[in-house]
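> Okay, so here is upload_17.cif, and as you'll see once you scroll down, it has mmCIF, C-alpha atoms.
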```
data_model
loop_
_atom_site.group_PDB
_atom_site.id
_atom_site.type_symbol
_atom_site.label_atom_id
_atom_site.label_comp_id
_atom_site.auth_asym_id
_atom_site.auth_seq_id
_atom_site.Cartn_x
_atom_site.Cartn_y
_atom_site.Cartn_z
ATOM 1 C CA MET A 1 46.178 10.043 39.475
ATOM 2 C CA ILE A 2 44.621 10.800 42.855
ATOM 3 C CA ASN A 3 42.074 8.844 44.837
ATOM 4 C CA SER A 4 38.499 9.982 45.382
ATOM 5 C CA LYS A 5 39.760 11.665 48.574
ATOM 6 C CA SER A 6 43.027 13.524 48.683
ATOM 7 C CA ARG A 7 45.026 16.119 50.605
ATOM 8 C CA PHE A 8 47.365 18.704 49.150
ATOM 9 C CA GLU A 9 49.356 21.713 50.273
ATOM 10 C CA ALA A 10 48.656 25.167 48.796
ATOM 11 C CA ILE A 11 49.965 28.624 49.622
ATOM 12 C CA ASP A 12 47.250 29.016 52.304
ATOM 13 C CA GLY A 13 47.823 25.621 53.944
ATOM 14 C CA GLU A 14 46.543 22.075 53.653
ATOM 15 C CA HIS A 15 43.321 21.314 51.790
ATOM 16 C CA GLN A 16 41.174 18.222 51.412
ATOM 17 C CA ALA A 17 39.562 17.366 48.112
ATOM 18 C CA HIS A 18 36.750 14.906 47.473
ATOM 19 C CA ILE A 19 36.098 13.851 43.909
ATOM 20 C CA LEU A 20 32.344 13.371 43.763
ATOM 21 C CA SER A 21 32.215 12.265 40.120
ATOM 22 C CA SER A 22 34.732 12.129 37.284
ATOM 23 C CA ASN A 23 35.655 10.906 33.857
ATOM 24 C CA GLU A 24 38.759 11.540 31.750
ATOM 25 C CA ASP A 25 38.224 15.273 31.155
ATOM 26 C CA ASP A 26 35.809 16.629 33.792
ATOM 27 C CA GLY A 27 34.026 15.971 37.070
ATOM 28 C CA ILE A 28 32.629 17.418 40.285
ATOM 29 C CA VAL A 29 34.985 18.191 43.175
ATOM 30 C CA SER A 30 34.404 19.355 46.750
ATOM 31 C CA LEU A 31 37.322 21.288 48.230
ATOM 32 C CA LYS A 32 37.790 22.129 51.917
ATOM 33 C CA MET A 33 38.803 25.759 52.356
ATOM 34 C CA VAL A 34 40.546 27.557 55.230
ATOM 35 C CA ASP A 35 38.540 28.720 58.245
ATOM 36 C CA VAL A 36 37.588 32.400 58.408
ATOM 37 C CA GLN A 37 38.143 33.994 61.797
ATOM 38 C CA LYS A 38 37.943 37.706 61.016
ATOM 39 C CA ILE A 39 35.643 39.855 58.887
ATOM 40 C CA GLU A 40 36.211 43.611 58.643
ATOM 41 C CA LYS A 41 33.437 46.019 57.681
ATOM 42 C CA TYR A 42 34.014 49.108 55.510
ATOM 43 C CA ASP A 43 30.734 51.066 55.390
ATOM 44 C CA ASP A 44 28.475 48.570 53.538
ATOM 45 C CA ASP A 45 31.379 46.476 52.220
ATOM 46 C CA TYR A 46 33.467 43.692 53.765
ATOM 47 C CA PHE A 47 37.085 42.512 53.816
ATOM 48 C CA LEU A 48 38.115 38.967 54.713
ATOM 49 C CA ASN A 49 40.736 36.359 53.928
ATOM 50 C CA THR A 50 39.548 32.998 52.590
ATOM 51 C CA GLY A 51 43.016 31.865 51.563
ATOM 52 C CA SER A 52 43.424 35.091 49.581
ATOM 53 C CA PRO A 53 42.273 38.558 50.629
ATOM 54 C CA HIS A 54 38.874 39.658 49.280
ATOM 55 C CA TYR A 55 36.989 42.934 49.387
ATOM 56 C CA VAL A 56 33.282 42.157 48.876
ATOM 57 C CA LYS A 57 30.798 44.747 47.647
ATOM 58 C CA ILE A 58 27.072 43.996 47.521
ATOM 59 C CA VAL A 59 25.264 45.401 44.485
ATOM 60 C CA GLU A 60 21.586 45.554 43.542
ATOM 61 C CA ASN A 61 22.156 44.738 39.862
ATOM 62 C CA ILE A 62 25.368 42.958 38.874
ATOM 63 C CA ASP A 63 24.919 43.945 35.223
ATOM 64 C CA SER A 64 24.825 47.669 36.028
ATOM 65 C CA ILE A 65 28.312 47.829 37.582
ATOM 66 C CA ASP A 66 31.577 48.238 35.688
ATOM 67 C CA ALA A 67 33.222 45.417 37.649
ATOM 68 C CA TYR A 68 36.514 45.730 35.774
ATOM 69 C CA ASN A 69 37.195 49.388 36.593
ATOM 70 C CA ALA A 70 35.606 49.296 40.055
ATOM 71 C CA GLY A 71 37.533 46.106 40.848
ATOM 72 C CA LYS A 72 40.807 47.547 39.577
ATOM 73 C CA ASN A 73 40.344 50.615 41.816
ATOM 74 C CA ILE A 74 39.660 48.454 44.879
ATOM 75 C CA ARG A 75 42.546 46.091 44.066
ATOM 76 C CA TRP A 76 45.024 49.021 44.103
ATOM 77 C CA ASP A 77 43.408 50.997 46.960
ATOM 78 C CA ASN A 78 46.053 52.256 49.425
ATOM 79 C CA ARG A 79 44.272 50.485 52.333
ATOM 80 C CA PHE A 80 45.292 47.107 50.911
ATOM 81 C CA GLN A 81 48.854 47.802 49.819
ATOM 82 C CA PRO A 82 51.464 46.536 49.301
ATOM 83 C CA GLU A 83 49.896 43.158 48.460
ATOM 84 C CA GLY A 84 46.561 44.467 47.179
ATOM 85 C CA THR A 85 43.291 42.561 47.300
ATOM 86 C CA ASN A 86 40.804 40.777 45.110
ATOM 87 C CA ALA A 87 37.467 42.542 44.593
ATOM 88 C CA ASP A 88 34.140 40.706 44.477
ATOM 89 C CA PHE A 89 30.795 42.148 43.441
ATOM 90 C CA ILE A 90 27.803 40.130 44.581
ATOM 91 C CA MET A 91 24.079 40.192 44.046
ATOM 92 C CA ILE A 92 22.149 38.336 46.775
ATOM 93 C CA LYS A 93 18.743 36.662 46.508
ATOM 94 C CA ASP A 94 18.204 34.524 49.622
ATOM 95 C CA ASP A 95 20.643 31.581 49.273
ATOM 96 C CA HIS A 96 21.463 32.342 45.608
ATOM 97 C CA LEU A 97 24.346 34.628 44.673
ATOM 98 C CA VAL A 98 25.725 36.028 41.437
ATOM 99 C CA VAL A 99 29.428 36.888 41.735
ATOM 100 C CA ARG A 100 31.982 38.687 39.592
ATOM 101 C CA THR A 101 35.614 38.872 40.712
ATOM 102 C CA PHE A 102 38.502 41.155 39.760
ATOM 103 C CA GLU A 103 41.518 39.043 40.653
ATOM 104 C CA ARG A 104 44.879 40.457 41.676
ATOM 105 C CA GLY A 105 47.766 38.905 39.788
ATOM 106 C CA VAL A 106 45.491 38.253 36.844
ATOM 107 C CA GLU A 107 44.661 41.984 36.906
ATOM 108 C CA ASN A 108 41.323 41.367 35.259
ATOM 109 C CA LEU A 109 37.910 39.830 35.788
ATOM 110 C CA THR A 110 38.083 36.039 35.973
ATOM 111 C CA LEU A 111 35.425 33.527 34.991
ATOM 112 C CA SER A 112 35.382 32.122 38.515
ATOM 113 C CA CYS A 113 37.403 32.500 41.721
ATOM 114 C CA GLY A 114 37.078 29.839 44.418
ATOM 115 C CA THR A 115 38.252 31.991 47.313
ATOM 116 C CA GLY A 116 36.049 34.797 45.961
ATOM 117 C CA VAL A 117 32.842 32.775 45.944
ATOM 118 C CA VAL A 118 33.647 31.523 49.452
ATOM 119 C CA ALA A 119 34.163 35.134 50.618
ATOM 120 C CA SER A 120 30.903 36.132 48.917
ATOM 121 C CA ALA A 121 28.912 33.337 50.578
ATOM 122 C CA ILE A 122 30.292 34.250 53.997
ATOM 123 C CA VAL A 123 29.426 37.920 53.494
ATOM 124 C CA ALA A 124 25.913 36.924 52.382
ATOM 125 C CA ALA A 125 25.568 34.875 55.585
ATOM 126 C CA GLU A 126 26.805 37.800 57.678
ATOM 127 C CA ARG A 127 24.150 40.072 56.168
ATOM 128 C CA SER A 128 21.252 37.637 56.170
ATOM 129 C CA ALA A 129 18.608 37.435 58.850
ATOM 130 C CA GLU A 130 18.097 33.817 57.723
ATOM 131 C CA MET A 131 20.329 31.002 58.902
ATOM 132 C CA PHE A 132 21.622 29.858 55.487
ATOM 133 C CA ASP A 133 24.714 27.629 55.677
ATOM 134 C CA ASN A 134 24.636 26.542 52.046
ATOM 135 C CA TYR A 135 24.772 28.910 49.060
ATOM 136 C CA ARG A 136 24.392 28.397 45.321
ATOM 137 C CA ILE A 137 26.576 30.751 43.347
ATOM 138 C CA LYS A 138 26.519 31.697 39.675
ATOM 139 C CA THR A 139 29.730 33.001 38.117
ATOM 140 C CA ASP A 140 30.590 33.684 34.494
ATOM 141 C CA GLY A 141 32.498 30.381 34.578
ATOM 142 C CA GLY A 142 29.664 28.231 35.935
ATOM 143 C CA ASP A 143 27.654 27.281 38.991
ATOM 144 C CA LEU A 144 29.238 26.519 42.363
ATOM 145 C CA LYS A 145 28.110 25.681 45.890
ATOM 146 C CA VAL A 146 29.544 26.761 49.245
ATOM 147 C CA ARG A 147 28.609 25.288 52.610
ATOM 148 C CA PHE A 148 30.009 25.961 56.079
ATOM 149 C CA LYS A 149 29.392 25.979 59.806
ATOM 150 C CA LYS A 150 29.042 29.281 61.627
ATOM 151 C CA ASN A 151 29.677 29.794 65.324
ATOM 152 C CA ASN A 152 29.333 33.454 66.299
ATOM 153 C CA LYS A 153 31.538 35.247 63.735
ATOM 154 C CA VAL A 154 33.813 32.265 62.994
ATOM 155 C CA TYR A 155 33.273 30.157 59.863
ATOM 156 C CA THR A 156 34.620 26.593 59.834
ATOM 157 C CA ASP A 157 34.233 23.393 57.848
ATOM 158 C CA ILE A 158 33.965 25.458 54.643
ATOM 159 C CA TRP A 159 33.507 23.427 51.455
ATOM 160 C CA LEU A 160 33.522 24.701 47.877
ATOM 161 C CA GLU A 161 31.885 22.385 45.340
ATOM 162 C CA GLY A 162 31.702 22.589 41.602
ATOM 163 C CA PRO A 163 32.648 21.286 38.206
ATOM 164 C CA VAL A 164 36.238 20.881 37.082
ATOM 165 C CA VAL A 165 37.347 20.602 33.490
ATOM 166 C CA LYS A 166 40.730 19.605 32.101
ATOM 167 C CA VAL A 167 41.922 22.632 30.144
ATOM 168 C CA PHE A 168 45.538 21.676 29.498
ATOM 169 C CA GLY A 169 47.800 18.672 29.411
ATOM 170 C CA GLY A 170 51.539 18.589 28.927
ATOM 171 C CA VAL A 171 54.845 16.949 29.674
ATOM 172 C CA VAL A 172 57.859 18.710 31.173
ATOM 173 C CA GLU A 173 61.220 17.347 30.102
ATOM 174 C CA ARG A 174 64.362 17.933 32.136
#
```
Write the structure described by the file as structure tokens, please.


Amino acid sequence: MINSKSRFEAIDGEHQAHILSSNEDDGIVSLKMVDVQKIEKYDDDYFLNTGSPHYVKIVENIDSIDAYNAGKNIRWDNRFQPEGTNADFIMIKDDHLVVRTFERGVENLTLSCGTGVVASAIVAAERSAEMFDNYRIKTDGGDLKVRFKKNNKVYTDIWLEGPVVKVFGGVVER
């Protein structure tokens, strides 16, 4: 059991988590993500690392793109080898985003990707003439929020917020 505020170590460093509401099987959590210092531009697309590498492509209609095959091609593109990259397809409407992610390792579309929605929100902020610092994001797995502070091209104090659901329980015996 963890407290309403916790810290933990992940592959990309230390994170803070704030449990905003909870019961036995679900709740709302806010998770502090790594700062983003560098964003690369490829024509109209973007590449950045939000704890995992993400290639973000903006689309007019998310339902008209074959995100699986397009994502698979981006994931294995020679520019991103040997590790590869995740591929996000985003549709932007002001501070609302719809995101689909092809995730490396999974090698398929996922219902939701935390680092992917963070990358998508940052790309939306880079492209926007508005000064949005808070985005609402719809994924196939549910609705999320991302907020951050922007100073020039550096993004700090990035928080990902959304629902969590217990999907598995188990005991490991030695």

> Can you work out which one of A:Leu48, A:Ile92, A:Ile19, A:Cys113 has the shortest atom-to-atom distance to Val36 (chain A), counting all atoms listed in the file?

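Checking each candidate against Val36 (chain A), we get A:Leu48 as the closest.
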
> Between A:Trp159, A:Phe47, A:Tyr68, A:Phe148, single out the one closest to Val123 (chain A), counting all atoms listed in the file.

A:Phe47

> How many Å separate CA of Leu109 (chain A) from CA of Lys57 (chain A)?

14.7 Å

> Padding 5 Å on every side, please: axis-aligned box over the listed atoms of region 3-9 of chain A, centre and edge lengths to one decimal in Å, as AutoDock Vina command-line options.


```
--center_x 43.9 --center_y 15.3 --center_z 47.7 --size_x 20.9 --size_y 22.9 --size_z 15.8
```

> Please enumerate the residues selected by the PyMOL selection byres ((chain A and resi 124) around 9) when evaluated against the supplied file, formatted as number ranges by chain.

A: 58, 90, 92, 94-95, 97, 119-123, 125-128, 132, 135

> Since we have the selection now, will you write its residues out, keeping C-alpha atoms, as an mmCIF file, in the coordinates of the input?


```
data_model
loop_
_atom_site.group_PDB
_atom_site.id
_atom_site.type_symbol
_atom_site.label_atom_id
_atom_site.label_comp_id
_atom_site.auth_asym_id
_atom_site.auth_seq_id
_atom_site.Cartn_x
_atom_site.Cartn_y
_atom_site.Cartn_z
ATOM 1 C CA ILE A 58 27.072 43.996 47.521
ATOM 2 C CA ILE A 90 27.803 40.130 44.581
ATOM 3 C CA ILE A 92 22.149 38.336 46.775
ATOM 4 C CA ASP A 94 18.204 34.524 49.622
ATOM 5 C CA ASP A 95 20.643 31.581 49.273
ATOM 6 C CA LEU A 97 24.346 34.628 44.673
ATOM 7 C CA ALA A 119 34.163 35.134 50.618
ATOM 8 C CA SER A 120 30.903 36.132 48.917
ATOM 9 C CA ALA A 121 28.912 33.337 50.578
ATOM 10 C CA ILE A 122 30.292 34.250 53.997
ATOM 11 C CA VAL A 123 29.426 37.920 53.494
ATOM 12 C CA ALA A 125 25.568 34.875 55.585
ATOM 13 C CA GLU A 126 26.805 37.800 57.678
ATOM 14 C CA ARG A 127 24.150 40.072 56.168
ATOM 15 C CA SER A 128 21.252 37.637 56.170
ATOM 16 C CA PHE A 132 21.622 29.858 55.487
ATOM 17 C CA TYR A 135 24.772 28.910 49.060
#
```

> Would you mind putting back N, CA and C atoms on region 98-109 of chain A, then writing it out as a PDB file, in the frame of the given file?


```pdb
ATOM      1  N   VAL A  98      25.021  35.843  42.709  1.00  0.00           N
ATOM      2  CA  VAL A  98      25.725  36.028  41.437  1.00  0.00           C
ATOM      3  C   VAL A  98      26.987  36.800  41.792  1.00  0.00           C
ATOM      4  N   VAL A  99      28.145  36.315  41.324  1.00  0.00           N
ATOM      5  CA  VAL A  99      29.428  36.888  41.735  1.00  0.00           C
ATOM      6  C   VAL A  99      30.298  37.182  40.519  1.00  0.00           C
ATOM      7  N   ARG A 100      30.931  38.337  40.557  1.00  0.00           N
ATOM      8  CA  ARG A 100      31.982  38.687  39.592  1.00  0.00           C
ATOM      9  C   ARG A 100      33.206  39.102  40.393  1.00  0.00           C
ATOM     10  N   THR A 101      34.378  38.631  39.966  1.00  0.00           N
ATOM     11  CA  THR A 101      35.614  38.872  40.712  1.00  0.00           C
ATOM     12  C   THR A 101      36.691  39.487  39.832  1.00  0.00           C
ATOM     13  N   PHE A 102      37.279  40.594  40.328  1.00  0.00           N
ATOM     14  CA  PHE A 102      38.502  41.155  39.760  1.00  0.00           C
ATOM     15  C   PHE A 102      39.627  40.551  40.585  1.00  0.00           C
ATOM     16  N   GLU A 103      40.508  39.810  39.933  1.00  0.00           N
ATOM     17  CA  GLU A 103      41.518  39.043  40.653  1.00  0.00           C
ATOM     18  C   GLU A 103      42.905  39.663  40.522  1.00  0.00           C
ATOM     19  N   ARG A 104      43.510  39.927  41.678  1.00  0.00           N
ATOM     20  CA  ARG A 104      44.879  40.457  41.676  1.00  0.00           C
ATOM     21  C   ARG A 104      45.800  39.407  41.077  1.00  0.00           C
ATOM     22  N   GLY A 105      46.872  39.841  40.465  1.00  0.00           N
ATOM     23  CA  GLY A 105      47.766  38.905  39.788  1.00  0.00           C
ATOM     24  C   GLY A 105      47.323  38.682  38.356  1.00  0.00           C
ATOM     25  N   VAL A 106      46.062  38.359  38.184  1.00  0.00           N
ATOM     26  CA  VAL A 106      45.491  38.253  36.844  1.00  0.00           C
ATOM     27  C   VAL A 106      45.281  39.667  36.295  1.00  0.00           C
ATOM     28  N   GLU A 107      44.928  40.576  37.209  1.00  0.00           N
ATOM     29  CA  GLU A 107      44.661  41.984  36.906  1.00  0.00           C
ATOM     30  C   GLU A 107      43.510  42.151  35.919  1.00  0.00           C
ATOM     31  N   ASN A 108      42.495  41.321  36.120  1.00  0.00           N
ATOM     32  CA  ASN A 108      41.323  41.367  35.259  1.00  0.00           C
ATOM     33  C   ASN A 108      40.189  40.608  35.946  1.00  0.00           C
ATOM     34  N   LEU A 109      39.014  40.672  35.339  1.00  0.00           N
ATOM     35  CA  LEU A 109      37.910  39.830  35.788  1.00  0.00           C
ATOM     36  C   LEU A 109      38.243  38.392  35.410  1.00  0.00           C
TER      37      LEU A 109
END
```
